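Notes for the one structure printed next.
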Amino acid sequence: MIKNEKLRKMIRIGAVIALVLSLYFFASEALSYISHQQELKNLQEVLDEISEEIIDTTGAAKADTSDIMGSVQYFTKLKLQNDDYVGWIYMPKLKINYPVVLAPDNEYYLTHSFYKSYNIYGTIFTDYRNVGVYNDAHLIIYGHHMKNKTMFSHLDDLRQKSNYASNKIIEIYAKGIVKKYMIFSVYAVDAKKTTFDLPYTGNVQTLISVYTKKALYKTNVDTSTATHVLTLVTCTSAVTNGRLVVHAIPYEE
């Protein structure tokens, strides 16, 4: 009887602990979401502010969003707010519209916002070994795959070839410039079996050949003259311990 009572007591304690932990994680995620939304609001206000400045300066009736995001003023403004800022990544149909930072390592921005407060949404960041950023032969950018379909979550849509044609261009706005990349390879891998050698000093065409062979489907992108590769990485449930990898090359219209 005593043993049964002890067992019931342990079960009750375990249930209480489980409930407390569940409430803690729920509250933590809710607070992170609210903070994340506020951050996006703050960044939009900066965009609006720069837009007004450009309109006042040029006399234009309306400033194009791409002109604002790619302006020196916008870059400088965000650089003042976070010195790690290196640009803005934009893929509208996949709902990717975020600042990109150069990380001090590949851990910090997994759990810190653009304004460097703790947040499980993290920030979109480049591999810390990409010190040359856009001048590097191989630039890698990481982002979370959040359950609520924010950050890099919609990159997973690219596993289906039917989504490729309307989402094959990646735009990045840096200091006074707009960089466009065309996706040539998409695939999922086991993170434990995949590493990236950076800074990359080998033959870029060899690298492209390796990545093309891994692709889930053919894109028929002409990569024959490419000298740079941009890679986006996020989590995926497609494979165990999965990572979705998206490779692109510079593109000019």
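Letters A, B, ... mark the chains of the structure tokens in the order given; residue numbers begin at 1 per chain; ligand numbers begin at 1, in order shown.
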Can you check which residues of region 37-138 of chain A DSSP gives as alpha helix (DSSP H) on the backbone and send them as number ranges by chain? A: 37-58, 65-69, 72-81
Same residues, N, CA and C atoms, output as a CSV table (one decimal), in the first residue's frame:
```csv
chain,number,residue,atom,x,y,z
A,37,GLN,N,7.9,39.8,-34.0
A,37,GLN,CA,7.0,40.7,-34.8
A,37,GLN,C,7.3,42.1,-34.5
A,38,GLN,N,7.6,42.5,-33.3
A,38,GLN,CA,8.0,43.9,-33.0
A,38,GLN,C,9.2,44.3,-33.7
A,39,GLU,N,10.2,43.3,-33.8
A,39,GLU,CA,11.4,43.6,-34.5
A,39,GLU,C,11.1,43.9,-36.0
A,40,LEU,N,10.3,43.1,-36.6
A,40,LEU,CA,9.9,43.3,-38.0
A,40,LEU,C,9.2,44.7,-38.2
A,41,LYS,N,8.4,45.0,-37.2
A,41,LYS,CA,7.7,46.3,-37.2
A,41,LYS,C,8.7,47.5,-37.2
A,42,ASN,N,9.7,47.3,-36.3
A,42,ASN,CA,10.8,48.3,-36.2
A,42,ASN,C,11.5,48.5,-37.5
A,43,LEU,N,11.8,47.4,-38.1
A,43,LEU,CA,12.6,47.4,-39.4
A,43,LEU,C,11.7,48.0,-40.5
A,44,GLN,N,10.4,47.8,-40.5
A,44,GLN,CA,9.5,48.4,-41.5
A,44,GLN,C,9.5,49.9,-41.3
A,45,GLU,N,9.5,50.3,-40.0
A,45,GLU,CA,9.5,51.8,-39.7
A,45,GLU,C,10.8,52.4,-40.3
A,46,VAL,N,11.9,51.7,-40.2
A,46,VAL,CA,13.1,52.2,-40.8
A,46,VAL,C,13.0,52.4,-42.3
A,47,LEU,N,12.4,51.4,-42.9
A,47,LEU,CA,12.2,51.4,-44.3
A,47,LEU,C,11.3,52.6,-44.7
A,48,ASP,N,10.2,52.8,-44.0
A,48,ASP,CA,9.3,53.9,-44.2
A,48,ASP,C,10.0,55.3,-44.1
A,49,GLU,N,10.9,55.3,-43.1
A,49,GLU,CA,11.6,56.6,-42.8
A,49,GLU,C,12.6,56.9,-43.9
A,50,ILE,N,13.3,55.9,-44.4
A,50,ILE,CA,14.2,56.1,-45.5
A,50,ILE,C,13.5,56.4,-46.8
A,51,SER,N,12.3,55.8,-47.0
A,51,SER,CA,11.5,56.1,-48.1
A,51,SER,C,11.1,57.6,-48.2
A,52,GLU,N,10.7,58.1,-47.0
A,52,GLU,CA,10.3,59.5,-47.0
A,52,GLU,C,11.5,60.4,-47.3
A,53,GLU,N,12.7,60.0,-46.8
A,53,GLU,CA,13.9,60.8,-47.0
A,53,GLU,C,14.3,60.8,-48.5
A,54,ILE,N,14.1,59.7,-49.2
A,54,ILE,CA,14.4,59.6,-50.6
A,54,ILE,C,13.4,60.4,-51.4
A,55,ILE,N,12.1,60.3,-51.0
A,55,ILE,CA,11.1,61.1,-51.7
A,55,ILE,C,11.4,62.6,-51.6
A,56,ASP,N,11.7,63.0,-50.4
A,56,ASP,CA,12.0,64.4,-50.1
A,56,ASP,C,13.3,64.9,-50.9
A,57,THR,N,14.2,64.0,-51.0
A,57,THR,CA,15.5,64.4,-51.7
A,57,THR,C,15.3,64.4,-53.2
A,58,THR,N,14.6,63.4,-53.7
A,58,THR,CA,14.5,63.3,-55.2
A,58,THR,C,13.3,64.0,-55.8
A,65,THR,N,10.4,50.1,-53.5
A,65,THR,CA,10.9,49.4,-52.3
A,65,THR,C,12.3,48.9,-52.6
A,66,SER,N,12.6,48.3,-53.8
A,66,SER,CA,13.9,47.8,-54.0
A,66,SER,C,15.0,48.9,-54.0
A,67,ASP,N,14.6,50.1,-54.5
A,67,ASP,CA,15.5,51.3,-54.4
A,67,ASP,C,15.9,51.7,-53.0
A,68,ILE,N,14.9,51.5,-52.1
A,68,ILE,CA,15.1,51.9,-50.7
A,68,ILE,C,16.0,50.9,-50.0
A,69,MET,N,15.6,49.6,-50.2
A,69,MET,CA,16.4,48.5,-49.5
A,69,MET,C,17.8,48.4,-50.0
A,72,VAL,N,22.2,53.3,-50.0
A,72,VAL,CA,23.2,53.5,-49.0
A,72,VAL,C,22.6,53.9,-47.7
A,73,GLN,N,21.6,54.8,-47.8
A,73,GLN,CA,21.0,55.3,-46.6
A,73,GLN,C,20.4,54.2,-45.7
A,74,TYR,N,19.7,53.2,-46.4
A,74,TYR,CA,19.1,52.1,-45.6
A,74,TYR,C,20.2,51.2,-45.0
A,75,PHE,N,21.2,50.9,-45.8
A,75,PHE,CA,22.3,50.1,-45.3
A,75,PHE,C,22.9,50.7,-44.1
A,76,THR,N,23.2,52.0,-44.2
A,76,THR,CA,23.9,52.7,-43.1
A,76,THR,C,23.0,52.8,-41.9
A,77,LYS,N,21.7,53.0,-42.0
A,77,LYS,CA,20.8,53.0,-40.9
A,77,LYS,C,20.8,51.7,-40.1
A,78,LEU,N,20.7,50.6,-40.8
A,78,LEU,CA,20.7,49.3,-40.2
A,78,LEU,C,22.0,48.9,-39.6
A,79,LYS,N,23.1,49.4,-40.3
A,79,LYS,CA,24.4,49.1,-39.8
A,79,LYS,C,24.7,49.8,-38.5
A,80,LEU,N,24.1,50.9,-38.3
A,80,LEU,CA,24.2,51.7,-37.0
A,80,LEU,C,23.5,50.9,-35.9
A,81,GLN,N,22.4,50.2,-36.3
A,81,GLN,CA,21.6,49.5,-35.3
A,81,GLN,C,22.2,48.1,-34.9
```
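For Tyr173 (chain A), the list of residues within 7 Å, based on only C-alpha atoms and with local chain neighbours fewer than 4 positions off taken out, reads Met69, Gly70, Gly87, Trp88, Ile89, Ile177, Val178 and Lys179 of chain A.
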Could you save the residues just selected, with N, CA and C atoms, as a CSV table (one decimal), in the first residue's frame?
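Generated file (result.csv):
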```csv
chain,number,residue,atom,x,y,z
A,69,MET,N,15.6,49.6,-50.2
A,69,MET,CA,16.4,48.5,-49.5
A,69,MET,C,17.8,48.4,-50.0
A,70,GLY,N,18.0,48.8,-51.3
A,70,GLY,CA,19.3,48.8,-51.8
A,70,GLY,C,20.1,50.1,-51.7
A,87,GLY,N,23.4,43.0,-45.2
A,87,GLY,CA,22.4,43.0,-46.3
A,87,GLY,C,21.0,42.5,-46.0
A,88,TRP,N,20.2,42.5,-47.0
A,88,TRP,CA,18.8,42.1,-46.8
A,88,TRP,C,18.4,41.1,-47.9
A,89,ILE,N,17.9,39.9,-47.5
A,89,ILE,CA,17.5,38.9,-48.4
A,89,ILE,C,16.0,38.9,-48.7
A,177,ILE,N,23.7,48.5,-53.6
A,177,ILE,CA,23.6,47.5,-54.7
A,177,ILE,C,22.5,46.5,-54.5
A,178,VAL,N,22.1,45.9,-55.6
A,178,VAL,CA,21.2,44.8,-55.6
A,178,VAL,C,21.9,43.6,-56.2
A,179,LYS,N,22.0,42.5,-55.5
A,179,LYS,CA,22.6,41.3,-56.0
A,179,LYS,C,21.5,40.2,-56.3
```
Give me the region 155-207 of chain A side of the contact with region 212-233 of chain A, cut-off 10 Å, one line per residue showing its nearest atom pair and distance in Å at one decimal, counting only C-alpha atoms, sorted by chain and residue number, as JSON lines.
```
{"residue": "A:Leu155", "atom": "CA", "partner": "A:Leu232", "partner_atom": "CA", "distance": 8.7}
{"residue": "A:Leu158", "atom": "CA", "partner": "A:Leu216", "partner_atom": "CA", "distance": 9.5}
{"residue": "A:Arg159", "atom": "CA", "partner": "A:Leu216", "partner_atom": "CA", "distance": 7.0}
{"residue": "A:Gln160", "atom": "CA", "partner": "A:Leu216", "partner_atom": "CA", "distance": 8.5}
{"residue": "A:Lys161", "atom": "CA", "partner": "A:Tyr217", "partner_atom": "CA", "distance": 6.7}
{"residue": "A:Tyr164", "atom": "CA", "partner": "A:Thr219", "partner_atom": "CA", "distance": 8.3}
{"residue": "A:Ala165", "atom": "CA", "partner": "A:Thr219", "partner_atom": "CA", "distance": 8.8}
{"residue": "A:Lys168", "atom": "CA", "partner": "A:Thr219", "partner_atom": "CA", "distance": 9.3}
{"residue": "A:Ile170", "atom": "CA", "partner": "A:Leu230", "partner_atom": "CA", "distance": 9.4}
{"residue": "A:Tyr181", "atom": "CA", "partner": "A:Leu230", "partner_atom": "CA", "distance": 7.5}
{"residue": "A:Met182", "atom": "CA", "partner": "A:Val221", "partner_atom": "CA", "distance": 7.9}
{"residue": "A:Ile183", "atom": "CA", "partner": "A:Val221", "partner_atom": "CA", "distance": 7.8}
{"residue": "A:Phe184", "atom": "CA", "partner": "A:Val221", "partner_atom": "CA", "distance": 5.7}
{"residue": "A:Ser185", "atom": "CA", "partner": "A:Ala215", "partner_atom": "CA", "distance": 4.9}
{"residue": "A:Val186", "atom": "CA", "partner": "A:Ala215", "partner_atom": "CA", "distance": 5.1}
{"residue": "A:Tyr187", "atom": "CA", "partner": "A:Ala215", "partner_atom": "CA", "distance": 5.2}
{"residue": "A:Ala188", "atom": "CA", "partner": "A:Leu216", "partner_atom": "CA", "distance": 8.2}
{"residue": "A:Val189", "atom": "CA", "partner": "A:Lys214", "partner_atom": "CA", "distance": 9.4}
{"residue": "A:Asn203", "atom": "CA", "partner": "A:Thr227", "partner_atom": "CA", "distance": 8.5}
{"residue": "A:Val204", "atom": "CA", "partner": "A:Thr227", "partner_atom": "CA", "distance": 5.8}
{"residue": "A:Gln205", "atom": "CA", "partner": "A:Ala226", "partner_atom": "CA", "distance": 7.2}
{"residue": "A:Thr206", "atom": "CA", "partner": "A:Thr212", "partner_atom": "CA", "distance": 9.9}
{"residue": "A:Leu207", "atom": "CA", "partner": "A:Val229", "partner_atom": "CA", "distance": 8.5}
```
Store the residues picked out above, limited to N, CA and C atoms, as a tab-separated table (two decimals), in the first residue's frame.
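Dumped everything to selection_28.tsv:
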```tsv
chain	number	residue	atom	x	y	z
A	155	LEU	N	11.49	27.77	-47.82
A	155	LEU	CA	12.48	27.22	-48.75
A	155	LEU	C	12.17	25.76	-49.02
A	158	LEU	N	10.64	24.43	-52.21
A	158	LEU	CA	11.46	24.22	-53.40
A	158	LEU	C	11.83	22.76	-53.62
A	159	ARG	N	11.49	21.90	-52.68
A	159	ARG	CA	11.70	20.46	-52.92
A	159	ARG	C	10.78	19.96	-54.01
A	160	GLN	N	9.70	20.70	-54.25
A	160	GLN	CA	8.78	20.35	-55.33
A	160	GLN	C	9.12	21.17	-56.57
A	161	LYS	N	9.40	20.52	-57.65
A	161	LYS	CA	9.81	21.21	-58.87
A	161	LYS	C	8.75	22.20	-59.35
A	164	TYR	N	9.47	25.69	-58.36
A	164	TYR	CA	10.77	26.26	-58.71
A	164	TYR	C	10.68	27.49	-59.62
A	165	ALA	N	9.95	27.39	-60.71
A	165	ALA	CA	9.93	28.44	-61.74
A	165	ALA	C	9.59	29.83	-61.19
A	168	LYS	N	12.77	31.03	-58.31
A	168	LYS	CA	14.16	30.67	-58.58
A	168	LYS	C	15.16	31.80	-58.41
A	170	ILE	N	16.85	34.79	-56.11
A	170	ILE	CA	17.13	35.28	-54.76
A	170	ILE	C	17.69	36.70	-54.91
A	181	TYR	N	20.57	36.28	-57.64
A	181	TYR	CA	21.11	34.94	-57.84
A	181	TYR	C	20.01	34.02	-58.37
A	182	MET	N	20.39	33.09	-59.25
A	182	MET	CA	19.44	32.12	-59.77
A	182	MET	C	19.75	30.74	-59.19
A	183	ILE	N	18.74	30.10	-58.66
A	183	ILE	CA	18.89	28.78	-58.04
A	183	ILE	C	19.13	27.72	-59.11
A	184	PHE	N	20.14	26.88	-58.89
A	184	PHE	CA	20.42	25.82	-59.86
A	184	PHE	C	20.35	24.41	-59.25
A	185	SER	N	20.28	24.33	-57.91
A	185	SER	CA	20.23	23.01	-57.27
A	185	SER	C	19.55	23.08	-55.91
A	186	VAL	N	18.67	22.12	-55.65
A	186	VAL	CA	17.97	22.01	-54.37
A	186	VAL	C	17.98	20.55	-53.94
A	187	TYR	N	18.34	20.30	-52.68
A	187	TYR	CA	18.32	18.92	-52.18
A	187	TYR	C	18.32	18.90	-50.65
A	188	ALA	N	18.01	17.75	-50.08
A	188	ALA	CA	18.01	17.56	-48.63
A	188	ALA	C	19.11	16.58	-48.25
A	189	VAL	N	19.76	16.84	-47.12
A	189	VAL	CA	20.86	15.98	-46.66
A	189	VAL	C	20.78	15.75	-45.16
A	203	ASN	N	38.27	25.15	-57.31
A	203	ASN	CA	37.65	25.53	-58.58
A	203	ASN	C	36.13	25.58	-58.41
A	204	VAL	N	35.54	26.74	-58.65
A	204	VAL	CA	34.11	26.92	-58.45
A	204	VAL	C	33.29	26.02	-59.37
A	205	GLN	N	33.75	25.80	-60.58
A	205	GLN	CA	33.04	24.94	-61.51
A	205	GLN	C	32.98	23.50	-61.00
A	206	THR	N	34.03	23.08	-60.31
A	206	THR	CA	34.03	21.74	-59.70
A	206	THR	C	32.98	21.66	-58.60
A	207	LEU	N	32.91	22.72	-57.80
A	207	LEU	CA	31.93	22.80	-56.72
A	207	LEU	C	30.51	22.76	-57.29
```
Counting only C-alpha atoms, closest pick from A:Asp136, A:Asp197, A:Asp105, A:Asp190 relative to Cys235 (chain A) is A:Asp190
Near Tyr109 (chain A), counting only C-alpha atoms, which residues have an atom at most 8 Å away, once you skip same-chain residues fewer than 2 positions from it, shown as a ChimeraX atom specification? /A:103,106-107,111-113,122-125
Take the residues just selected and output them with C-alpha atoms as a compact mmCIF listing (two decimals), in the first residue's frame.
```txt
# COMPACT_ATOMS: atom_id res chain seq x y z
CA ALA A 103 27.94 36.04 -37.50
CA ASN A 106 27.61 29.78 -36.22
CA GLU A 107 25.80 29.62 -32.88
CA THR A 111 19.09 32.29 -30.65
CA HIS A 112 19.51 36.06 -30.93
CA SER A 113 17.48 38.66 -32.79
CA GLY A 122 17.22 33.92 -34.32
CA THR A 123 18.41 35.99 -37.29
CA ILE A 124 19.33 35.09 -40.86
CA PHE A 125 23.14 34.94 -40.82
```
